[in-house]
>>> print(open('data_4.txt').read())   # compact mmCIF, C-alpha atoms
# COMPACT_ATOMS: atom_id res chain seq x y z
CA MET L 1 -19.55 24.09 -0.19
CA GLU L 2 -16.59 26.36 -0.91
CA ILE L 3 -14.32 24.29 1.39
CA ARG L 4 -15.04 21.09 -0.50
CA HIS L 5 -14.54 22.79 -3.83
CA SER L 6 -11.12 24.19 -2.79
CA ALA L 7 -10.03 20.78 -1.45
CA VAL L 8 -10.72 19.28 -4.86
CA ARG L 9 -8.61 21.98 -6.49
CA ILE L 10 -5.62 21.08 -4.29
CA TRP L 11 -5.64 17.47 -5.47
CA GLU L 12 -6.19 18.48 -9.07
CA SER L 13 -3.36 21.00 -9.05
CA GLU L 14 0.20 20.28 -10.08
CA ALA L 15 1.46 21.47 -6.67
CA VAL L 16 1.79 17.93 -5.29
CA GLU L 17 2.91 15.17 -7.59
CA ALA L 18 1.41 11.71 -7.20
CA TRP L 19 4.72 9.99 -6.46
CA VAL L 20 5.24 12.29 -3.47
CA LEU L 21 1.84 11.30 -2.07
CA TRP L 22 2.68 7.61 -2.52
CA LEU L 23 6.03 8.16 -0.82
CA ILE L 24 4.31 9.87 2.11
CA ALA L 25 1.82 7.00 2.31
CA SER L 26 4.70 4.51 2.33
CA GLY L 27 6.40 6.39 5.15
CA LEU L 28 3.19 6.50 7.18
CA PHE L 29 2.65 2.77 6.70
CA ALA L 30 6.25 2.10 7.79
CA ALA L 31 5.84 4.34 10.84
CA GLY L 32 2.65 2.51 11.74
CA GLU L 33 4.54 -0.77 11.48
CA LEU L 34 6.88 0.38 14.23
CA ALA L 35 3.87 0.55 16.54
CA SER L 36 2.21 -2.71 15.47
CA GLY L 37 5.15 -5.03 14.77
CA ASP L 38 2.91 -7.39 12.80
CA LEU L 39 4.62 -6.88 9.40
CA PHE L 40 1.23 -6.08 7.77
CA LEU L 41 1.70 -2.33 7.45
CA LEU L 42 5.26 -2.86 6.24
CA MET L 43 3.92 -4.85 3.30
CA LEU L 44 1.48 -2.03 2.53
CA ALA L 45 4.44 0.37 2.62
CA GLY L 46 6.07 -1.81 -0.02
CA GLY L 47 2.89 -1.65 -2.09
CA ALA L 48 2.92 2.13 -1.83
CA LEU L 49 6.46 2.06 -3.20
CA GLY L 50 5.02 0.17 -6.17
CA GLY L 51 2.67 3.12 -6.61
CA VAL L 52 5.67 5.46 -6.46
CA GLY L 53 7.32 3.56 -9.28
CA VAL L 54 4.30 3.71 -11.57
CA ALA L 55 3.76 7.40 -10.75
CA LEU L 56 7.38 8.20 -11.60
CA LEU L 57 6.95 6.44 -14.92
CA GLY L 58 3.96 8.69 -15.61
CA GLY L 59 1.26 6.03 -15.25
CA PRO L 60 -2.32 7.06 -14.55
CA VAL L 61 -3.84 6.87 -11.06
CA VAL L 62 -5.65 3.61 -11.93
CA LEU L 63 -2.32 1.91 -12.75
CA GLN L 64 -0.75 3.38 -9.59
CA LEU L 65 -3.56 1.88 -7.49
CA ALA L 66 -3.23 -1.43 -9.33
CA ALA L 67 0.51 -1.49 -8.66
CA PHE L 68 -0.14 -0.74 -4.99
CA VAL L 69 -2.65 -3.60 -4.70
CA VAL L 70 -0.58 -6.13 -6.65
CA VAL L 71 2.73 -5.40 -4.89
CA ALA L 72 1.10 -5.32 -1.45
CA ALA L 73 -0.75 -8.59 -2.14
CA LEU L 74 2.43 -10.31 -3.32
CA LEU L 75 4.37 -9.09 -0.30
CA LEU L 76 1.57 -10.19 2.05
CA ALA L 77 1.31 -13.62 0.41
CA LEU L 78 4.99 -14.40 -0.13
CA VAL L 79 7.27 -12.29 2.05
CA ARG L 80 5.25 -11.76 5.24
CA PRO L 81 4.85 -15.47 6.14
CA LEU L 82 8.56 -16.10 5.65
CA ALA L 83 9.53 -13.02 7.64
CA LYS L 84 7.14 -13.86 10.50
CA ARG L 85 8.42 -17.43 10.65
CA HIS L 86 12.02 -16.21 10.67
CA LEU L 87 11.28 -13.76 13.48
CA SER L 88 9.23 -16.14 15.62
CA GLU L 89 11.07 -19.45 15.28
CA ARG L 90 14.01 -19.80 17.61
CA THR L 91 16.19 -22.77 18.24
CA PRO L 92 18.15 -23.42 21.42
CA GLU L 93 21.34 -22.64 19.50
CA GLN L 94 20.16 -19.07 18.90
CA LEU L 95 21.00 -17.55 22.25
CA ASP L 96 20.96 -13.82 22.81
CA GLY L 97 23.02 -11.56 25.02
CA VAL L 98 24.77 -13.01 28.03
CA ALA L 99 23.07 -16.40 27.61
CA ALA L 100 25.41 -16.96 24.64
CA LEU L 101 28.41 -16.73 27.02
CA VAL L 102 27.39 -19.70 29.19
CA GLY L 103 29.63 -22.68 28.49
CA ARG L 104 32.48 -20.67 26.99
CA THR L 105 35.94 -20.69 28.49
CA ALA L 106 37.93 -17.68 29.66
CA LYS L 107 41.34 -16.86 31.15
CA VAL L 108 41.67 -15.53 34.69
CA THR L 109 43.37 -12.11 34.77
CA ARG L 110 42.93 -11.46 38.50
CA ALA L 111 42.57 -14.39 40.92
CA VAL L 112 38.93 -15.54 41.16
CA ASP L 113 37.32 -16.79 44.36
CA GLY L 114 33.85 -16.72 45.91
CA HIS L 115 34.08 -12.95 46.43
CA GLY L 116 35.38 -11.74 43.07
CA GLY L 117 38.09 -11.60 40.45
CA ARG L 118 38.42 -10.89 36.73
CA ILE L 119 38.45 -12.97 33.58
CA ARG L 120 39.20 -12.25 29.92
CA LEU L 121 36.77 -13.58 27.34
CA GLY L 122 38.03 -12.73 23.87
CA ALA L 123 38.71 -8.98 23.92
CA ASP L 124 36.37 -8.34 26.88
CA GLU L 125 37.23 -8.40 30.54
CA TRP L 126 34.52 -9.40 33.03
CA THR L 127 34.17 -9.42 36.76
CA ALA L 128 33.86 -12.97 37.97
CA ARG L 129 33.35 -15.10 41.04
CA SER L 130 33.62 -18.81 41.58
CA GLN L 131 30.56 -21.00 41.76
CA TYR L 132 31.49 -22.38 45.18
CA GLY L 133 32.82 -20.20 47.98
CA GLY L 134 35.88 -22.39 48.57
CA GLU L 135 36.99 -22.55 44.93
CA ARG L 136 39.91 -20.38 43.87
CA PHE L 137 41.39 -19.93 40.40
CA PRO L 138 44.85 -18.34 40.00
CA VAL L 139 45.86 -15.84 37.30
CA GLY L 140 46.30 -17.64 33.97
CA ALA L 141 43.89 -20.48 34.79
CA THR L 142 41.21 -21.44 32.27
CA VAL L 143 37.67 -21.35 33.64
CA ARG L 144 34.25 -22.08 32.19
CA ILE L 145 31.39 -19.60 32.49
CA LEU L 146 28.52 -21.42 34.19
CA GLN L 147 26.08 -18.53 34.41
CA VAL L 148 25.96 -14.74 34.30
CA ASP L 149 24.63 -12.92 37.33
CA GLY L 150 24.13 -9.27 36.35
CA ALA L 151 27.53 -8.11 35.12
CA THR L 152 29.42 -10.89 36.91
CA ALA L 153 30.33 -14.22 35.35
CA VAL L 154 29.94 -17.18 37.69
CA VAL L 155 32.76 -19.55 36.78
CA GLY L 156 33.89 -23.06 37.53
CA ASP L 157 36.58 -25.50 36.50
CA ALA L 158 36.94 -25.57 32.71
CA LEU L 159 36.79 -29.36 32.75
CA GLU L 160 33.44 -29.51 34.64
CA LEU L 161 31.20 -29.63 31.56
CA GLU L 162 33.41 -31.54 29.14
>>> encode(input="data_4.txt", output="structure tokens")
Amino acid sequence: MEIRHSAVRIWESEAVEAWVLWLIASGLFAAGELASGDLFLLMLAGGALGGVGVALLGGPVVLQLAAFVVVAALLLALVRPLAKRHLSERTPEQLDGVAALVGRTAKVTRAVDGHGGRIRLGADEWTARSQYGGERFPVGATVRILQVDGATAVVGDALELE
């Protein structure tokens, strides 16, 4: 019985202010979101920040809880669907990483053949090889990146895809 009674005293004391507890709750929700990735806990973290705001303004616990519920509900209803749609919808034009390089042109900086060579794409220099073993591109030639194989660009004639 003594343990329960002392636990009540901790929450009733002025040692921990309400806004700090809401801030901790918000951080825990945000940390949980990193594990789930569903954007639900992130919206609850936003609601907890609503509780922080009311607590900082000196509002009673009932208003803090109301702010938490209202802000979290609004975020869940309005922001979460938009954010999920933005994260899940992808168009073919939205290519990531090396896939975005396919189709671009580059300048040969060291002769390229079926065994190797180097090209410059913007400020980057890449190892490259020709698509066909017999193809050879001299220094200064413009080539088109046809695919990326590991860290090597497979290139062909720049006019091939035009």
>>> closest_residue(input="data_4.txt", among="L:Leu39, L:Val62, L:Leu34, L:Leu146", to="Arg104 of chain L", atoms="all atoms listed in the file")
L:Leu146
>>> atom_distance(input="data_4.txt", atom1="atom CA of Met43 of chain L", atom2="atom CA of Val20 of chain L")
18.5 Å
>>> closest_residue(input="data_4.txt", among="L:Ala67, L:Val61, L:Ala48, L:Gly133", to="Gly27 of chain L", atoms="all atoms listed in the file")
L:Ala48
>>> closest_residue(input="data_4.txt", among="L:Gly32, L:Gly103, L:Gly47, L:Gly122", to="Asp157 of chain L", atoms="all atoms listed in the file")
L:Gly103
>>> atom_distance(input="data_4.txt", atom1="atom CA of Leu57 of chain L", atom2="atom CA of Val69 of chain L")
17.2 Å
>>> residues_around(input="data_4.txt", residues="segment 109-118 of chain L", least_positions_apart="6", cutoff="8 Å", atoms="all atoms listed in the file", output="MDAnalysis selection string")
chainID L and resid 125:140
>>> atom_distance(input="data_4.txt", atom1="atom CA of Ala45 of chain L", atom2="atom CA of Gly59 of chain L")
19.0 Å
>>> closest_residue(input="data_4.txt", among="L:Ala72, L:Ala31, L:Ala123, L:Leu63", to="Leu49 of chain L", atoms="only C-alpha atoms")
L:Ala72
>>> closest_residue(input="data_4.txt", among="L:Leu75, L:Leu41, L:Trp22, L:Ala30", to="Ala55 of chain L", atoms="all atoms listed in the file")
L:Trp22
>>> residues_around(input="data_4.txt", residues="Arg144 of chain L", least_positions_apart="4", cutoff="10 Å", atoms="all atoms listed in the file", output="list of chain:residue names")
L:Leu101, L:Val102, L:Gly103, L:Arg104, L:Thr105, L:Ala106, L:Lys107, L:Ser130, L:Ala153, L:Val154, L:Val155, L:Gly156, L:Asp157, L:Ala158, L:Leu159, L:Glu160, L:Leu161, L:Glu162
>>> closest_residue(input="data_4.txt", among="L:Gly150, L:Gly37, L:Gly46, L:Gly58", to="Leu74 of chain L", atoms="only C-alpha atoms")
L:Gly46
>>> build_atoms(input="data_4.txt", residues="segment 140-151 of chain L", atoms="all heavy atoms", output="PDB file, in the coordinates of the input")
ATOM      1  N   GLY L 140      45.850 -16.765  35.059  1.00  0.00           N
ATOM      2  CA  GLY L 140      46.300 -17.640  33.970  1.00  0.00           C
ATOM      3  C   GLY L 140      45.490 -18.918  33.848  1.00  0.00           C
ATOM      4  O   GLY L 140      45.579 -19.605  32.829  1.00  0.00           O
ATOM      5  N   ALA L 141      44.692 -19.257  34.857  1.00  0.00           N
ATOM      6  CA  ALA L 141      43.890 -20.480  34.790  1.00  0.00           C
ATOM      7  C   ALA L 141      42.764 -20.320  33.768  1.00  0.00           C
ATOM      8  O   ALA L 141      42.299 -19.213  33.503  1.00  0.00           O
ATOM      9  CB  ALA L 141      43.301 -20.798  36.163  1.00  0.00           C
ATOM     10  N   THR L 142      42.350 -21.439  33.191  1.00  0.00           N
ATOM     11  CA  THR L 142      41.210 -21.440  32.270  1.00  0.00           C
ATOM     12  C   THR L 142      39.982 -21.866  33.054  1.00  0.00           C
ATOM     13  O   THR L 142      39.996 -22.891  33.746  1.00  0.00           O
ATOM     14  CB  THR L 142      41.452 -22.405  31.100  1.00  0.00           C
ATOM     15  OG1 THR L 142      42.629 -21.990  30.403  1.00  0.00           O
ATOM     16  CG2 THR L 142      40.280 -22.410  30.138  1.00  0.00           C
ATOM     17  N   VAL L 143      38.926 -21.065  32.937  1.00  0.00           N
ATOM     18  CA  VAL L 143      37.670 -21.350  33.640  1.00  0.00           C
ATOM     19  C   VAL L 143      36.534 -21.403  32.626  1.00  0.00           C
ATOM     20  O   VAL L 143      36.658 -20.914  31.506  1.00  0.00           O
ATOM     21  CB  VAL L 143      37.358 -20.292  34.724  1.00  0.00           C
ATOM     22  CG1 VAL L 143      38.382 -20.359  35.853  1.00  0.00           C
ATOM     23  CG2 VAL L 143      37.283 -18.904  34.139  1.00  0.00           C
ATOM     24  N   ARG L 144      35.443 -22.008  33.046  1.00  0.00           N
ATOM     25  CA  ARG L 144      34.250 -22.080  32.190  1.00  0.00           C
ATOM     26  C   ARG L 144      33.165 -21.217  32.819  1.00  0.00           C
ATOM     27  O   ARG L 144      32.941 -21.260  34.030  1.00  0.00           O
ATOM     28  CB  ARG L 144      33.780 -23.517  32.061  1.00  0.00           C
ATOM     29  CG  ARG L 144      32.615 -23.658  31.084  1.00  0.00           C
ATOM     30  CD  ARG L 144      32.299 -25.103  30.744  1.00  0.00           C
ATOM     31  NE  ARG L 144      33.428 -25.867  30.284  1.00  0.00           N
ATOM     32  CZ  ARG L 144      33.890 -25.897  29.031  1.00  0.00           C
ATOM     33  NH1 ARG L 144      33.316 -25.154  28.118  1.00  0.00           N
ATOM     34  NH2 ARG L 144      34.917 -26.639  28.712  1.00  0.00           N
ATOM     35  N   ILE L 145      32.493 -20.441  31.995  1.00  0.00           N
ATOM     36  CA  ILE L 145      31.390 -19.600  32.490  1.00  0.00           C
ATOM     37  C   ILE L 145      30.162 -20.499  32.650  1.00  0.00           C
ATOM     38  O   ILE L 145      29.694 -21.133  31.701  1.00  0.00           O
ATOM     39  CB  ILE L 145      31.096 -18.446  31.514  1.00  0.00           C
ATOM     40  CG1 ILE L 145      32.336 -17.553  31.402  1.00  0.00           C
ATOM     41  CG2 ILE L 145      29.871 -17.650  31.958  1.00  0.00           C
ATOM     42  CD1 ILE L 145      32.240 -16.472  30.362  1.00  0.00           C
ATOM     43  N   LEU L 146      29.658 -20.571  33.874  1.00  0.00           N
ATOM     44  CA  LEU L 146      28.520 -21.420  34.190  1.00  0.00           C
ATOM     45  C   LEU L 146      27.197 -20.661  34.159  1.00  0.00           C
ATOM     46  O   LEU L 146      26.158 -21.235  33.855  1.00  0.00           O
ATOM     47  CB  LEU L 146      28.726 -22.067  35.568  1.00  0.00           C
ATOM     48  CG  LEU L 146      30.031 -22.858  35.722  1.00  0.00           C
ATOM     49  CD1 LEU L 146      30.206 -23.337  37.142  1.00  0.00           C
ATOM     50  CD2 LEU L 146      30.047 -24.030  34.739  1.00  0.00           C
ATOM     51  N   GLN L 147      27.247 -19.384  34.496  1.00  0.00           N
ATOM     52  CA  GLN L 147      26.080 -18.530  34.410  1.00  0.00           C
ATOM     53  C   GLN L 147      26.543 -17.087  34.490  1.00  0.00           C
ATOM     54  O   GLN L 147      27.695 -16.822  34.803  1.00  0.00           O
ATOM     55  CB  GLN L 147      25.059 -18.836  35.508  1.00  0.00           C
ATOM     56  CG  GLN L 147      25.462 -18.342  36.895  1.00  0.00           C
ATOM     57  CD  GLN L 147      24.429 -18.687  37.947  1.00  0.00           C
ATOM     58  OE1 GLN L 147      24.232 -19.866  38.214  1.00  0.00           O
ATOM     59  NE2 GLN L 147      23.795 -17.695  38.512  1.00  0.00           N
ATOM     60  N   VAL L 148      25.651 -16.158  34.183  1.00  0.00           N
ATOM     61  CA  VAL L 148      25.960 -14.740  34.300  1.00  0.00           C
ATOM     62  C   VAL L 148      24.953 -14.146  35.256  1.00  0.00           C
ATOM     63  O   VAL L 148      23.745 -14.267  35.065  1.00  0.00           O
ATOM     64  CB  VAL L 148      25.932 -14.030  32.937  1.00  0.00           C
ATOM     65  CG1 VAL L 148      26.215 -12.551  33.092  1.00  0.00           C
ATOM     66  CG2 VAL L 148      26.938 -14.668  31.988  1.00  0.00           C
ATOM     67  N   ASP L 149      25.463 -13.526  36.296  1.00  0.00           N
ATOM     68  CA  ASP L 149      24.630 -12.920  37.330  1.00  0.00           C
ATOM     69  C   ASP L 149      24.838 -11.406  37.252  1.00  0.00           C
ATOM     70  O   ASP L 149      25.822 -10.894  37.777  1.00  0.00           O
ATOM     71  CB  ASP L 149      25.024 -13.476  38.694  1.00  0.00           C
ATOM     72  CG  ASP L 149      24.161 -12.945  39.822  1.00  0.00           C
ATOM     73  OD1 ASP L 149      23.064 -12.442  39.537  1.00  0.00           O
ATOM     74  OD2 ASP L 149      24.587 -13.048  40.980  1.00  0.00           O
ATOM     75  N   GLY L 150      23.941 -10.709  36.565  1.00  0.00           N
ATOM     76  CA  GLY L 150      24.130  -9.270  36.350  1.00  0.00           C
ATOM     77  C   GLY L 150      25.305  -9.053  35.425  1.00  0.00           C
ATOM     78  O   GLY L 150      25.316  -9.516  34.303  1.00  0.00           O
ATOM     79  N   ALA L 151      26.326  -8.348  35.915  1.00  0.00           N
ATOM     80  CA  ALA L 151      27.530  -8.110  35.120  1.00  0.00           C
ATOM     81  C   ALA L 151      28.688  -8.972  35.587  1.00  0.00           C
ATOM     82  O   ALA L 151      29.833  -8.717  35.269  1.00  0.00           O
ATOM     83  CB  ALA L 151      27.910  -6.636  35.209  1.00  0.00           C
TER      84      ALA L 151
END
